[in-house]
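Quick look at structure_17.tsv (TSV, C-alpha atoms and all ligand atoms):
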```tsv
chain	number	residue	atom	x	y	z
A	1	MET	CA	-3.18	81.62	126.98
A	2	LYS	CA	-3.77	78.79	129.48
A	3	GLN	CA	-1.28	79.96	132.08
A	4	GLN	CA	-2.41	82.57	134.58
A	5	VAL	CA	-1.00	86.03	133.85
A	6	ALA	CA	0.22	88.12	136.80
A	7	ILE	CA	1.40	91.75	136.88
A	8	ILE	CA	3.69	92.57	139.81
A	9	THR	CA	4.78	96.15	140.51
A	10	GLY	CA	7.91	96.88	142.50
A	11	ALA	CA	9.18	93.58	141.14
A	12	GLY	CA	12.82	94.69	141.02
A	13	SER	CA	13.45	94.02	144.68
A	14	GLY	CA	12.25	92.69	148.02
A	15	ILE	CA	8.67	91.44	148.33
A	16	GLY	CA	7.91	91.99	144.62
A	17	ARG	CA	10.95	90.01	143.45
A	18	GLU	CA	10.28	87.13	145.85
A	19	THR	CA	6.64	87.00	144.81
A	20	ALA	CA	7.63	86.98	141.13
A	21	LYS	CA	9.96	84.02	141.68
A	22	LEU	CA	7.32	82.10	143.65
A	23	LEU	CA	4.57	82.66	141.08
A	24	ALA	CA	6.91	81.73	138.21
A	25	LYS	CA	7.68	78.46	140.05
A	26	LYS	CA	3.92	77.89	140.11
A	27	ASP	CA	3.97	78.17	136.32
A	28	MET	CA	2.43	81.62	136.06
A	29	THR	CA	3.25	84.14	133.33
A	30	ILE	CA	4.71	87.27	134.88
A	31	VAL	CA	4.76	90.94	133.85
A	32	LEU	CA	7.43	92.54	136.04
A	33	VAL	CA	7.10	96.28	136.63
A	34	ASP	CA	9.69	98.56	138.25
A	35	PHE	CA	11.44	101.83	137.51
A	36	ASP	CA	14.85	100.41	138.29
A	37	ASP	CA	15.88	98.74	135.02
A	38	ASN	CA	18.88	96.84	136.38
A	39	ASN	CA	16.92	95.34	139.26
A	40	GLY	CA	13.99	94.60	136.98
A	41	GLN	CA	16.24	92.75	134.52
A	42	GLU	CA	17.80	90.77	137.40
A	43	THR	CA	14.37	89.66	138.55
A	44	LEU	CA	13.50	88.78	134.95
A	45	GLU	CA	16.53	86.48	134.72
A	46	ALA	CA	15.63	84.82	138.03
A	47	VAL	CA	12.02	84.35	136.93
A	48	LYS	CA	13.04	82.90	133.57
A	49	GLU	CA	14.85	80.07	135.37
A	50	HIS	CA	11.35	78.82	136.22
A	51	ASN	CA	9.17	80.12	133.39
A	52	GLN	CA	10.13	81.65	130.05
A	53	HIS	CA	6.80	83.51	129.83
A	54	ALA	CA	7.88	86.74	131.48
A	55	ILE	CA	8.61	90.33	130.47
A	56	PHE	CA	9.95	93.38	132.26
A	57	VAL	CA	8.26	96.76	131.75
A	58	HIS	CA	9.96	99.94	132.92
A	59	ALA	CA	7.33	102.11	134.61
A	60	ASP	CA	6.91	104.71	137.31
A	61	VAL	CA	3.68	103.65	139.03
A	62	SER	CA	2.86	107.25	139.97
A	63	LYS	CA	2.50	108.24	136.28
A	64	SER	CA	-0.69	107.31	134.49
A	65	GLN	CA	1.05	107.01	131.09
A	66	ASP	CA	3.41	104.42	132.58
A	67	VAL	CA	0.58	102.52	134.26
A	68	LYS	CA	-1.34	102.40	130.96
A	69	LYS	CA	1.89	101.11	129.38
A	70	TYR	CA	2.31	98.12	131.72
A	71	VAL	CA	-1.38	97.21	131.46
A	72	ALA	CA	-1.16	97.39	127.64
A	73	ALA	CA	2.05	95.31	127.66
A	74	ALA	CA	0.31	92.54	129.61
A	75	LYS	CA	-2.65	92.56	127.23
A	76	GLU	CA	-0.57	92.74	124.05
A	77	ASN	CA	1.90	90.04	125.06
A	78	PHE	CA	-0.36	87.65	126.94
A	79	GLY	CA	-3.97	88.65	126.18
A	80	LYS	CA	-5.33	88.98	129.71
A	81	ILE	CA	-4.61	89.91	133.34
A	82	ASP	CA	-5.62	87.29	135.92
A	83	ILE	CA	-3.62	88.56	138.88
A	84	PHE	CA	-2.40	92.00	139.92
A	85	ILE	CA	0.10	92.45	142.77
A	86	ASN	CA	-0.07	96.22	143.37
A	87	ASN	CA	3.08	96.40	145.43
A	88	ALA	CA	5.53	99.19	144.53
A	89	GLY	CA	6.20	101.57	147.37
A	90	ILE	CA	8.71	103.86	149.02
A	91	LEU	CA	9.51	104.94	152.55
A	92	SER	CA	9.98	108.58	153.47
A	93	PRO	CA	12.81	109.89	155.68
A	94	PRO	CA	11.75	109.70	159.37
A	95	SER	CA	10.44	113.02	160.64
A	96	LEU	CA	7.86	114.48	163.01
A	97	LEU	CA	4.69	115.54	161.15
A	98	GLY	CA	5.43	119.20	161.76
A	99	ASP	CA	8.83	118.80	160.11
A	100	ILE	CA	7.82	116.79	157.03
A	101	GLU	CA	8.65	118.75	153.87
A	102	GLU	CA	5.66	119.23	151.60
A	103	GLU	CA	7.53	117.71	148.64
A	104	THR	CA	8.41	114.63	150.73
A	105	PHE	CA	4.76	114.16	151.65
A	106	ASP	CA	3.66	114.63	148.02
A	107	LYS	CA	6.19	112.06	146.82
A	108	VAL	CA	5.22	109.27	149.22
A	109	ILE	CA	1.53	109.84	148.49
A	110	ALA	CA	2.22	109.92	144.73
A	111	VAL	CA	4.00	106.55	144.69
A	112	ASN	CA	2.25	104.63	147.47
A	113	LEU	CA	-1.32	105.90	147.18
A	114	LYS	CA	-1.76	107.41	143.73
A	115	GLY	CA	0.37	104.62	142.27
A	116	ALA	CA	-1.90	102.02	143.90
A	117	PHE	CA	-4.98	103.92	142.69
A	118	LEU	CA	-3.76	104.17	139.10
A	119	GLY	CA	-2.93	100.46	139.03
A	120	LEU	CA	-6.40	99.63	140.29
A	121	LYS	CA	-8.05	102.07	137.88
A	122	TYR	CA	-6.56	100.58	134.74
A	123	VAL	CA	-6.33	96.91	135.78
A	124	LEU	CA	-9.90	96.78	137.11
A	125	LYS	CA	-11.21	98.00	133.73
A	126	GLU	CA	-9.59	94.98	132.07
A	127	MET	CA	-10.68	92.53	134.76
A	128	GLU	CA	-14.22	93.87	134.64
A	129	GLN	CA	-14.42	92.98	130.95
A	130	GLN	CA	-13.02	89.52	131.69
A	131	LYS	CA	-15.46	89.13	134.63
A	132	SER	CA	-12.62	87.65	136.66
A	133	GLY	CA	-9.42	88.60	138.43
A	134	VAL	CA	-7.71	88.83	141.76
A	135	ILE	CA	-5.77	91.74	143.23
A	136	VAL	CA	-3.47	92.06	146.22
A	137	ASN	CA	-2.54	95.58	147.34
A	138	THR	CA	0.52	95.90	149.54
A	139	ALA	CA	-0.42	98.12	152.46
A	140	SER	CA	1.47	97.86	155.76
A	141	ALA	CA	1.09	97.59	159.52
A	142	ALA	CA	1.39	101.38	159.15
A	143	GLY	CA	-1.92	101.20	157.27
A	144	ILE	CA	-3.82	100.08	160.35
A	145	GLN	CA	-2.06	101.96	163.13
A	146	GLY	CA	-0.11	105.20	163.50
A	147	GLN	CA	3.58	105.13	162.70
A	148	PRO	CA	5.63	107.70	164.61
A	149	TYR	CA	7.99	109.69	162.35
A	150	LEU	CA	6.44	108.15	159.21
A	151	GLY	CA	3.21	110.17	159.00
A	152	GLY	CA	3.13	110.46	155.21
A	153	TYR	CA	3.87	106.76	154.78
A	154	ALA	CA	1.19	105.81	157.34
A	155	ALA	CA	-1.34	108.08	155.59
A	156	SER	CA	-0.54	106.53	152.20
A	157	LYS	CA	-0.97	102.99	153.51
A	158	HIS	CA	-4.23	103.82	155.34
A	159	GLY	CA	-5.36	105.11	151.94
A	160	VAL	CA	-4.41	101.85	150.23
A	161	ILE	CA	-6.71	100.03	152.65
A	162	GLY	CA	-9.53	102.44	151.82
A	163	LEU	CA	-9.04	101.72	148.12
A	164	THR	CA	-8.94	97.97	148.78
A	165	LYS	CA	-12.20	97.87	150.72
A	166	THR	CA	-13.96	100.07	148.18
A	167	ALA	CA	-12.72	98.04	145.21
A	168	ALA	CA	-13.78	94.80	146.92
A	169	ILE	CA	-17.34	96.09	147.31
A	170	GLU	CA	-17.57	97.67	143.86
A	171	TYR	CA	-16.04	94.82	141.85
A	172	GLY	CA	-17.00	91.70	143.86
A	173	PRO	CA	-20.17	91.40	141.75
A	174	SER	CA	-17.94	91.27	138.63
A	175	GLY	CA	-16.08	88.21	139.93
A	176	ILE	CA	-13.03	90.15	141.09
A	177	ARG	CA	-11.49	89.77	144.55
A	178	VAL	CA	-9.40	92.58	146.04
A	179	ASN	CA	-7.45	92.19	149.29
A	180	ALA	CA	-4.69	94.04	151.12
A	181	ILE	CA	-1.70	92.70	152.99
A	182	CYS	CA	-0.16	94.50	155.94
A	183	PRO	CA	3.39	93.35	156.57
A	184	GLY	CA	5.24	94.52	159.67
A	185	GLY	CA	9.00	94.82	159.20
A	186	VAL	CA	10.44	92.80	156.30
A	187	VAL	CA	14.10	92.28	155.44
A	188	THR	CA	14.32	94.19	152.15
A	189	ASN	CA	16.18	97.22	150.78
A	190	MET	CA	13.45	99.35	152.34
A	191	THR	CA	14.45	98.41	155.89
A	192	LYS	CA	18.20	98.33	155.22
A	193	GLY	CA	19.94	100.67	157.62
A	194	LEU	CA	16.85	101.14	159.83
A	195	GLU	CA	17.77	100.23	163.40
A	196	SER	CA	15.17	98.31	165.43
A	197	SER	CA	15.48	96.39	168.70
A	198	PRO	CA	14.07	92.83	168.88
A	199	GLU	CA	11.24	94.20	171.10
A	200	GLU	CA	10.34	96.82	168.46
A	201	ASN	CA	9.90	94.00	165.94
A	202	GLY	CA	6.97	92.60	167.95
A	203	PRO	CA	6.21	89.28	169.63
A	204	MET	CA	8.31	87.22	167.23
A	205	ARG	CA	11.37	89.41	167.92
A	206	ARG	CA	12.46	89.42	164.28
A	207	LEU	CA	11.60	90.85	160.87
A	208	ALA	CA	9.83	88.75	158.24
A	209	THR	CA	11.61	87.36	155.20
A	210	PRO	CA	10.23	88.44	151.80
A	211	LYS	CA	9.38	84.76	151.23
A	212	GLU	CA	7.04	84.80	154.24
A	213	ILE	CA	5.14	87.68	152.61
A	214	ALA	CA	5.16	86.09	149.14
A	215	ASN	CA	3.66	82.89	150.58
A	216	VAL	CA	0.63	84.80	151.88
A	217	ILE	CA	0.23	86.64	148.57
A	218	SER	CA	0.33	83.27	146.83
A	219	PHE	CA	-2.46	82.01	149.11
A	220	LEU	CA	-4.62	85.11	148.56
A	221	ILE	CA	-4.50	84.78	144.77
A	222	SER	CA	-5.23	81.04	144.88
A	223	THR	CA	-8.61	79.33	144.74
A	224	ASN	CA	-8.03	78.34	148.40
A	225	ALA	CA	-8.89	81.98	149.12
A	226	SER	CA	-11.90	82.03	146.77
A	227	TYR	CA	-14.19	83.66	149.40
A	228	VAL	CA	-11.61	86.12	150.74
A	229	ASN	CA	-12.53	89.59	149.48
A	230	GLY	CA	-11.92	93.00	151.07
A	231	ALA	CA	-9.68	91.43	153.68
A	232	VAL	CA	-6.91	93.39	155.36
A	233	MET	CA	-4.47	90.66	156.25
A	234	THR	CA	-1.73	91.39	158.76
A	235	ILE	CA	1.54	89.53	158.23
A	236	ASP	CA	3.38	91.10	161.11
A	237	GLY	CA	4.15	88.36	163.61
A	238	GLY	CA	1.58	89.86	166.00
A	239	LEU	CA	3.11	93.36	165.97
A	240	THR	CA	-0.27	95.11	165.73
A	241	SER	CA	-2.16	92.63	167.96
B	1	LIG	P1	11.94	97.35	148.10
B	1	LIG	O1	12.84	96.18	148.27
B	1	LIG	O2	12.49	98.71	148.16
B	1	LIG	O3	11.11	97.13	146.74
B	1	LIG	C1	10.26	98.11	146.22
B	1	LIG	C2	10.49	98.19	144.73
B	1	LIG	O4	9.58	99.16	144.18
B	1	LIG	C3	11.90	98.67	144.40
B	1	LIG	O5	12.44	97.91	143.33
B	1	LIG	C4	11.66	100.12	144.02
B	1	LIG	O6	12.66	100.64	143.18
B	1	LIG	C5	10.32	100.02	143.33
B	1	LIG	N1	9.69	101.32	143.19
B	1	LIG	C6	9.73	102.36	144.05
B	1	LIG	N2	9.05	103.40	143.57
B	1	LIG	C7	8.57	103.02	142.35
B	1	LIG	C8	7.81	103.67	141.35
B	1	LIG	N3	7.41	104.94	141.48
B	1	LIG	N4	7.48	102.97	140.23
B	1	LIG	C9	7.90	101.71	140.07
B	1	LIG	N5	8.63	101.04	140.97
B	1	LIG	C10	8.97	101.70	142.11
B	1	LIG	O7	10.80	97.34	149.21
B	1	LIG	P2	9.83	96.20	149.74
B	1	LIG	O8	10.05	96.11	151.19
B	1	LIG	O9	9.87	94.98	148.90
B	1	LIG	O10	8.45	96.97	149.52
B	1	LIG	C11	7.39	96.47	148.73
B	1	LIG	C12	6.09	96.98	149.32
B	1	LIG	O11	5.94	96.48	150.64
B	1	LIG	C13	6.01	98.51	149.44
B	1	LIG	O12	4.72	98.95	149.08
B	1	LIG	C14	6.25	98.76	150.92
B	1	LIG	O13	5.66	99.96	151.35
B	1	LIG	C15	5.57	97.53	151.51
B	1	LIG	N6	6.00	97.19	152.86
B	1	LIG	C16	7.30	96.94	153.15
B	1	LIG	C17	7.66	96.63	154.47
B	1	LIG	C18	9.09	96.36	154.85
B	1	LIG	O14	9.38	96.32	156.07
B	1	LIG	N7	10.00	96.14	153.92
B	1	LIG	C19	6.68	96.59	155.46
B	1	LIG	C20	5.36	96.85	155.13
B	1	LIG	C21	5.01	97.14	153.82
B	1	LIG	P3	13.94	101.36	143.90
B	1	LIG	O15	14.69	100.29	144.60
B	1	LIG	O16	14.67	101.98	142.77
B	1	LIG	O17	13.33	102.37	144.87
```

Can the structure in the file be given as structure tokens, please?
Amino acid sequence: MKQQVAIITGAGSGIGRETAKLLAKKDMTIVLVDFDDNNGQETLEAVKEHNQHAIFVHADVSKSQDVKKYVAAAKENFGKIDIFINNAGILSPPSLLGDIEEETFDKVIAVNLKGAFLGLKYVLKEMEQQKSGVIVNTASAAGIQGQPYLGGYAASKHGVIGLTKTAAIEYGPSGIRVNAICPGGVVTNMTKGLESSPEENGPMRRLATPKEIANVISFLISTNASYVNGAVMTIDGGLTS
């Protein structure tokens, strides 16, 4: 297949959906992954307006069987994986560390950190054989600084950055680039209902649009970023400056 093949997890909504639409417009073949079938199908329809080469795979990124399934679907349908946007994630209910329920902590780590790890584990194996590939892991501003009342989330995103840097070092020699993005607040379902004052949103006094995040992802996977590897790129309007 001549077209580039991209897997995007968490593609049913928000940053994942916007990235899928943008990459489809750039004529890429897309494997959409989400565990919400309705949202996944909606993204699939939107993507197919730009490029018919797209499939949706139902998967829970925290389960290795499901991760193997979406990697196999990409290979079986399109023969290769050029791009991996390791993006699915959840927020946990705000709580002081001492009050976080153990199950709540386990869940956010399972989806955000183990899910990112499993994606890397199985996609890197394929890319290593190809001797090429580019990966963007969605971390967060909460991956580079503490996040009051979101301790489990902050821990999971710090972990995603650890995985990113390690993967960049281990797989750079195989022609694979691995970077992380760290959005601040973005207008998606994740932030719906969360109150924040303009000052809390940082110097730009507003949240980002999903498109503003997708544009940076699009740059990172492009040849314009051919020497960017192991980078932890903030997209937070200066929030963590
Ligand atoms: P979103 O609109 O909620 O999209 C996330 C998507 O991932 C949803 O479709 C969600 O399904 C799906 N998902 C959740 N758990 C999954 C699982 N176990 N397996 C497969 N899919 C799963 O949120 P978003 O803002 O676009 O978030 C995308 C990424 O950006 C996340 O990693 C998030 O942590 C990160 N991020 C977001 C912000 C922000 O302010 N929005 C800031 C920094 C970083 P459901 O809708 O059914 O849960």

Just the residues within 9 Å of A:Asp27, please, counting all atoms listed in the file, with nothing from its chain fewer than 3 positions along; format it as a ChimeraX atom specification. /A:3-4,22-24,50-51,53

Please give the centre and size of the box around ligand LIG 1 (chain B) (axis-aligned, containing every atom listed in the file, 3 Å added per side), with values in Å to one decimal and written as lines of an AutoDock Vina configuration file.
```
center_x = 9.7
center_y = 100.0
center_z = 148.1
size_x = 16.0
size_y = 16.0
size_z = 22.0
```

What residues have any atom no more than 7 Å from ligand LIG 1 (chain B) when counting only C-alpha atoms and all ligand atoms, and can you list them as a PDB file with C-alpha atoms, in the frame of the given file?
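To be explicit, this is the file written out as out-v7.pdb:
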```pdb
ATOM      1  CA  THR A   9       4.780  96.150 140.510  1.00  0.00           C
ATOM      2  CA  GLY A  10       7.910  96.880 142.500  1.00  0.00           C
ATOM      3  CA  ALA A  11       9.180  93.580 141.140  1.00  0.00           C
ATOM      4  CA  GLY A  12      12.820  94.690 141.020  1.00  0.00           C
ATOM      5  CA  SER A  13      13.450  94.020 144.680  1.00  0.00           C
ATOM      6  CA  GLY A  14      12.250  92.690 148.020  1.00  0.00           C
ATOM      7  CA  ILE A  15       8.670  91.440 148.330  1.00  0.00           C
ATOM      8  CA  GLY A  16       7.910  91.990 144.620  1.00  0.00           C
ATOM      9  CA  VAL A  33       7.100  96.280 136.630  1.00  0.00           C
ATOM     10  CA  ASP A  34       9.690  98.560 138.250  1.00  0.00           C
ATOM     11  CA  PHE A  35      11.440 101.830 137.510  1.00  0.00           C
ATOM     12  CA  ASP A  36      14.850 100.410 138.290  1.00  0.00           C
ATOM     13  CA  ASN A  39      16.920  95.340 139.260  1.00  0.00           C
ATOM     14  CA  ALA A  59       7.330 102.110 134.610  1.00  0.00           C
ATOM     15  CA  ASP A  60       6.910 104.710 137.310  1.00  0.00           C
ATOM     16  CA  VAL A  61       3.680 103.650 139.030  1.00  0.00           C
ATOM     17  CA  SER A  62       2.860 107.250 139.970  1.00  0.00           C
ATOM     18  CA  ASN A  87       3.080  96.400 145.430  1.00  0.00           C
ATOM     19  CA  ALA A  88       5.530  99.190 144.530  1.00  0.00           C
ATOM     20  CA  GLY A  89       6.200 101.570 147.370  1.00  0.00           C
ATOM     21  CA  ILE A  90       8.710 103.860 149.020  1.00  0.00           C
ATOM     22  CA  LEU A  91       9.510 104.940 152.550  1.00  0.00           C
ATOM     23  CA  VAL A 111       4.000 106.550 144.690  1.00  0.00           C
ATOM     24  CA  ASN A 112       2.250 104.630 147.470  1.00  0.00           C
ATOM     25  CA  THR A 138       0.520  95.900 149.540  1.00  0.00           C
ATOM     26  CA  ALA A 139      -0.420  98.120 152.460  1.00  0.00           C
ATOM     27  CA  SER A 140       1.470  97.860 155.760  1.00  0.00           C
ATOM     28  CA  ALA A 141       1.090  97.590 159.520  1.00  0.00           C
ATOM     29  CA  CYS A 182      -0.160  94.500 155.940  1.00  0.00           C
ATOM     30  CA  PRO A 183       3.390  93.350 156.570  1.00  0.00           C
ATOM     31  CA  GLY A 184       5.240  94.520 159.670  1.00  0.00           C
ATOM     32  CA  GLY A 185       9.000  94.820 159.200  1.00  0.00           C
ATOM     33  CA  VAL A 186      10.440  92.800 156.300  1.00  0.00           C
ATOM     34  CA  VAL A 187      14.100  92.280 155.440  1.00  0.00           C
ATOM     35  CA  THR A 188      14.320  94.190 152.150  1.00  0.00           C
ATOM     36  CA  ASN A 189      16.180  97.220 150.780  1.00  0.00           C
ATOM     37  CA  MET A 190      13.450  99.350 152.340  1.00  0.00           C
ATOM     38  CA  THR A 191      14.450  98.410 155.890  1.00  0.00           C
TER      39      THR A 191
END
```

What's the 12 Å shell around A:Thr29, counting all atoms listed in the file, without same-chain residues fewer than 5 positions away, as a VMD selection string? chain A and resid 1 to 8 20 to 24 44 47 to 48 50 to 56 74 to 75 77 to 84

Written file, previous selection with C-alpha atoms, as an mmCIF file, in the frame of the given file:
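Written output follows (result-v4.cif):
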```
data_model
loop_
_atom_site.group_PDB
_atom_site.id
_atom_site.type_symbol
_atom_site.label_atom_id
_atom_site.label_comp_id
_atom_site.auth_asym_id
_atom_site.auth_seq_id
_atom_site.Cartn_x
_atom_site.Cartn_y
_atom_site.Cartn_z
ATOM 1 C CA MET A 1 -3.180 81.620 126.980
ATOM 2 C CA LYS A 2 -3.770 78.790 129.480
ATOM 3 C CA GLN A 3 -1.280 79.960 132.080
ATOM 4 C CA GLN A 4 -2.410 82.570 134.580
ATOM 5 C CA VAL A 5 -1.000 86.030 133.850
ATOM 6 C CA ALA A 6 0.220 88.120 136.800
ATOM 7 C CA ILE A 7 1.400 91.750 136.880
ATOM 8 C CA ILE A 8 3.690 92.570 139.810
ATOM 9 C CA ALA A 20 7.630 86.980 141.130
ATOM 10 C CA LYS A 21 9.960 84.020 141.680
ATOM 11 C CA LEU A 22 7.320 82.100 143.650
ATOM 12 C CA LEU A 23 4.570 82.660 141.080
ATOM 13 C CA ALA A 24 6.910 81.730 138.210
ATOM 14 C CA LEU A 44 13.500 88.780 134.950
ATOM 15 C CA VAL A 47 12.020 84.350 136.930
ATOM 16 C CA LYS A 48 13.040 82.900 133.570
ATOM 17 C CA HIS A 50 11.350 78.820 136.220
ATOM 18 C CA ASN A 51 9.170 80.120 133.390
ATOM 19 C CA GLN A 52 10.130 81.650 130.050
ATOM 20 C CA HIS A 53 6.800 83.510 129.830
ATOM 21 C CA ALA A 54 7.880 86.740 131.480
ATOM 22 C CA ILE A 55 8.610 90.330 130.470
ATOM 23 C CA PHE A 56 9.950 93.380 132.260
ATOM 24 C CA ALA A 74 0.310 92.540 129.610
ATOM 25 C CA LYS A 75 -2.650 92.560 127.230
ATOM 26 C CA ASN A 77 1.900 90.040 125.060
ATOM 27 C CA PHE A 78 -0.360 87.650 126.940
ATOM 28 C CA GLY A 79 -3.970 88.650 126.180
ATOM 29 C CA LYS A 80 -5.330 88.980 129.710
ATOM 30 C CA ILE A 81 -4.610 89.910 133.340
ATOM 31 C CA ASP A 82 -5.620 87.290 135.920
ATOM 32 C CA ILE A 83 -3.620 88.560 138.880
ATOM 33 C CA PHE A 84 -2.400 92.000 139.920
#
```

Tell me, as a ChimeraX atom specification, which residues lie within 9 Å of A:Met127, counting all atoms listed in the file; anything in the same chain fewer than 2 positions away does not count. /A:80-82,123-125,129-134,174-176

Using all atoms listed in the file, which of the listed residues (A:Lys25, A:Lys121, A:Arg17, A:Arg206) sits closest to A:Val71? A:Lys121

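Nearest to A:Lys63 of all the residues A:Leu120, A:Gly115, A:Ser197, A:Lys211 is A:Gly115, based on only C-alpha atoms.
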
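Interatomic distance, atom CA of A:Leu97 against atom CA of A:Val160: 19.7 Å.
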
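When all atoms listed in the file are used to compute distances to A:His158, the closest of the residues A:Ala72, A:Ile109, A:Ile135, A:Val67 turns out to be A:Ile109.
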
Residue with the minimum atom-to-atom distance to A:Gly172, picked from A:Met204, A:Asn215, A:Ala155, A:Asn229 with all atoms listed in the file counted, is A:Asn229

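If you look at atom CA of A:Ile213 and atom CA of A:Thr234, they are 9.9 Å away from each other.
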
As a list in words, please: the residues near A:Gly152 (cut-off 10 Å, all atoms listed in the file, same-chain neighbours under 6 positions excluded). Leu91, Ser92, Pro93, Pro94, Ser95, Leu96, Leu97, Ile100, Glu102, Thr104, Phe105, Asp106, Lys107, Val108, Ile109, Asn112 and His158 of chain A

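Going from atom CA of A:Ala167 to atom CA of A:Tyr149 covers 29.3 Å.
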
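Using all atoms listed in the file, the nearest neighbour of A:Tyr171 within the list A:Gly146, A:Gly193, A:Glu126, A:Arg205 is A:Glu126.
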
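Distances here use all atoms listed in the file; by that measure, the residue among A:Glu101, A:Asn201, A:Ile221, A:Ile235 closest to A:Gly151 is A:Glu101.
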
May I have the residues at most 6 Å from (-5.2, 92.3, 156.3) in the file's coordinates, counting all atoms listed in the file, as a PyMOL selection string? chain A and resi 180-182+231-234

Give as an NGL selection string each residue that has an atom at most 8 Å from (-14.5, 95.6, 148.0) in the file, counting all atoms listed in the file. :A and (164-172 or 177-179 or 229-230)

Because the input lacks atoms here, generate all heavy atoms for stretch 223-228 of chain A and report them as a compact mmCIF listing (two decimals), in the frame of the given file.
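What ended up in part01.txt:
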```
# COMPACT_ATOMS: atom_id res chain seq x y z
N THR A 223 -7.19 79.69 144.55
CA THR A 223 -8.61 79.33 144.74
C THR A 223 -8.87 78.93 146.20
O THR A 223 -10.02 78.89 146.62
CB THR A 223 -9.03 78.19 143.79
OG1 THR A 223 -8.09 77.13 143.93
CG2 THR A 223 -9.07 78.65 142.36
N ASN A 224 -7.82 78.61 146.96
CA ASN A 224 -8.03 78.34 148.40
C ASN A 224 -8.59 79.57 149.11
O ASN A 224 -9.16 79.44 150.19
CB ASN A 224 -6.70 77.94 149.07
CG ASN A 224 -6.26 76.56 148.67
OD1 ASN A 224 -7.09 75.70 148.37
ND2 ASN A 224 -4.96 76.33 148.64
N ALA A 225 -8.39 80.74 148.52
CA ALA A 225 -8.89 81.98 149.12
C ALA A 225 -10.09 82.51 148.34
O ALA A 225 -10.35 83.71 148.30
CB ALA A 225 -7.79 83.02 149.15
N SER A 226 -10.86 81.60 147.72
CA SER A 226 -11.90 82.03 146.77
C SER A 226 -13.03 82.86 147.41
O SER A 226 -13.76 83.54 146.70
CB SER A 226 -12.50 80.82 146.05
OG SER A 226 -12.91 79.86 147.00
N TYR A 227 -13.16 82.82 148.75
CA TYR A 227 -14.19 83.66 149.40
C TYR A 227 -13.56 84.79 150.22
O TYR A 227 -14.23 85.44 151.01
CB TYR A 227 -15.11 82.78 150.28
CG TYR A 227 -16.47 83.39 150.52
CD1 TYR A 227 -17.34 83.67 149.45
CD2 TYR A 227 -16.90 83.69 151.81
CE1 TYR A 227 -18.58 84.25 149.68
CE2 TYR A 227 -18.16 84.26 152.04
CZ TYR A 227 -18.99 84.54 150.97
OH TYR A 227 -20.22 85.10 151.18
N VAL A 228 -12.29 85.03 150.01
CA VAL A 228 -11.61 86.12 150.74
C VAL A 228 -11.64 87.35 149.84
O VAL A 228 -11.00 87.39 148.78
CB VAL A 228 -10.15 85.74 151.09
CG1 VAL A 228 -9.50 86.86 151.89
CG2 VAL A 228 -10.09 84.43 151.87
```
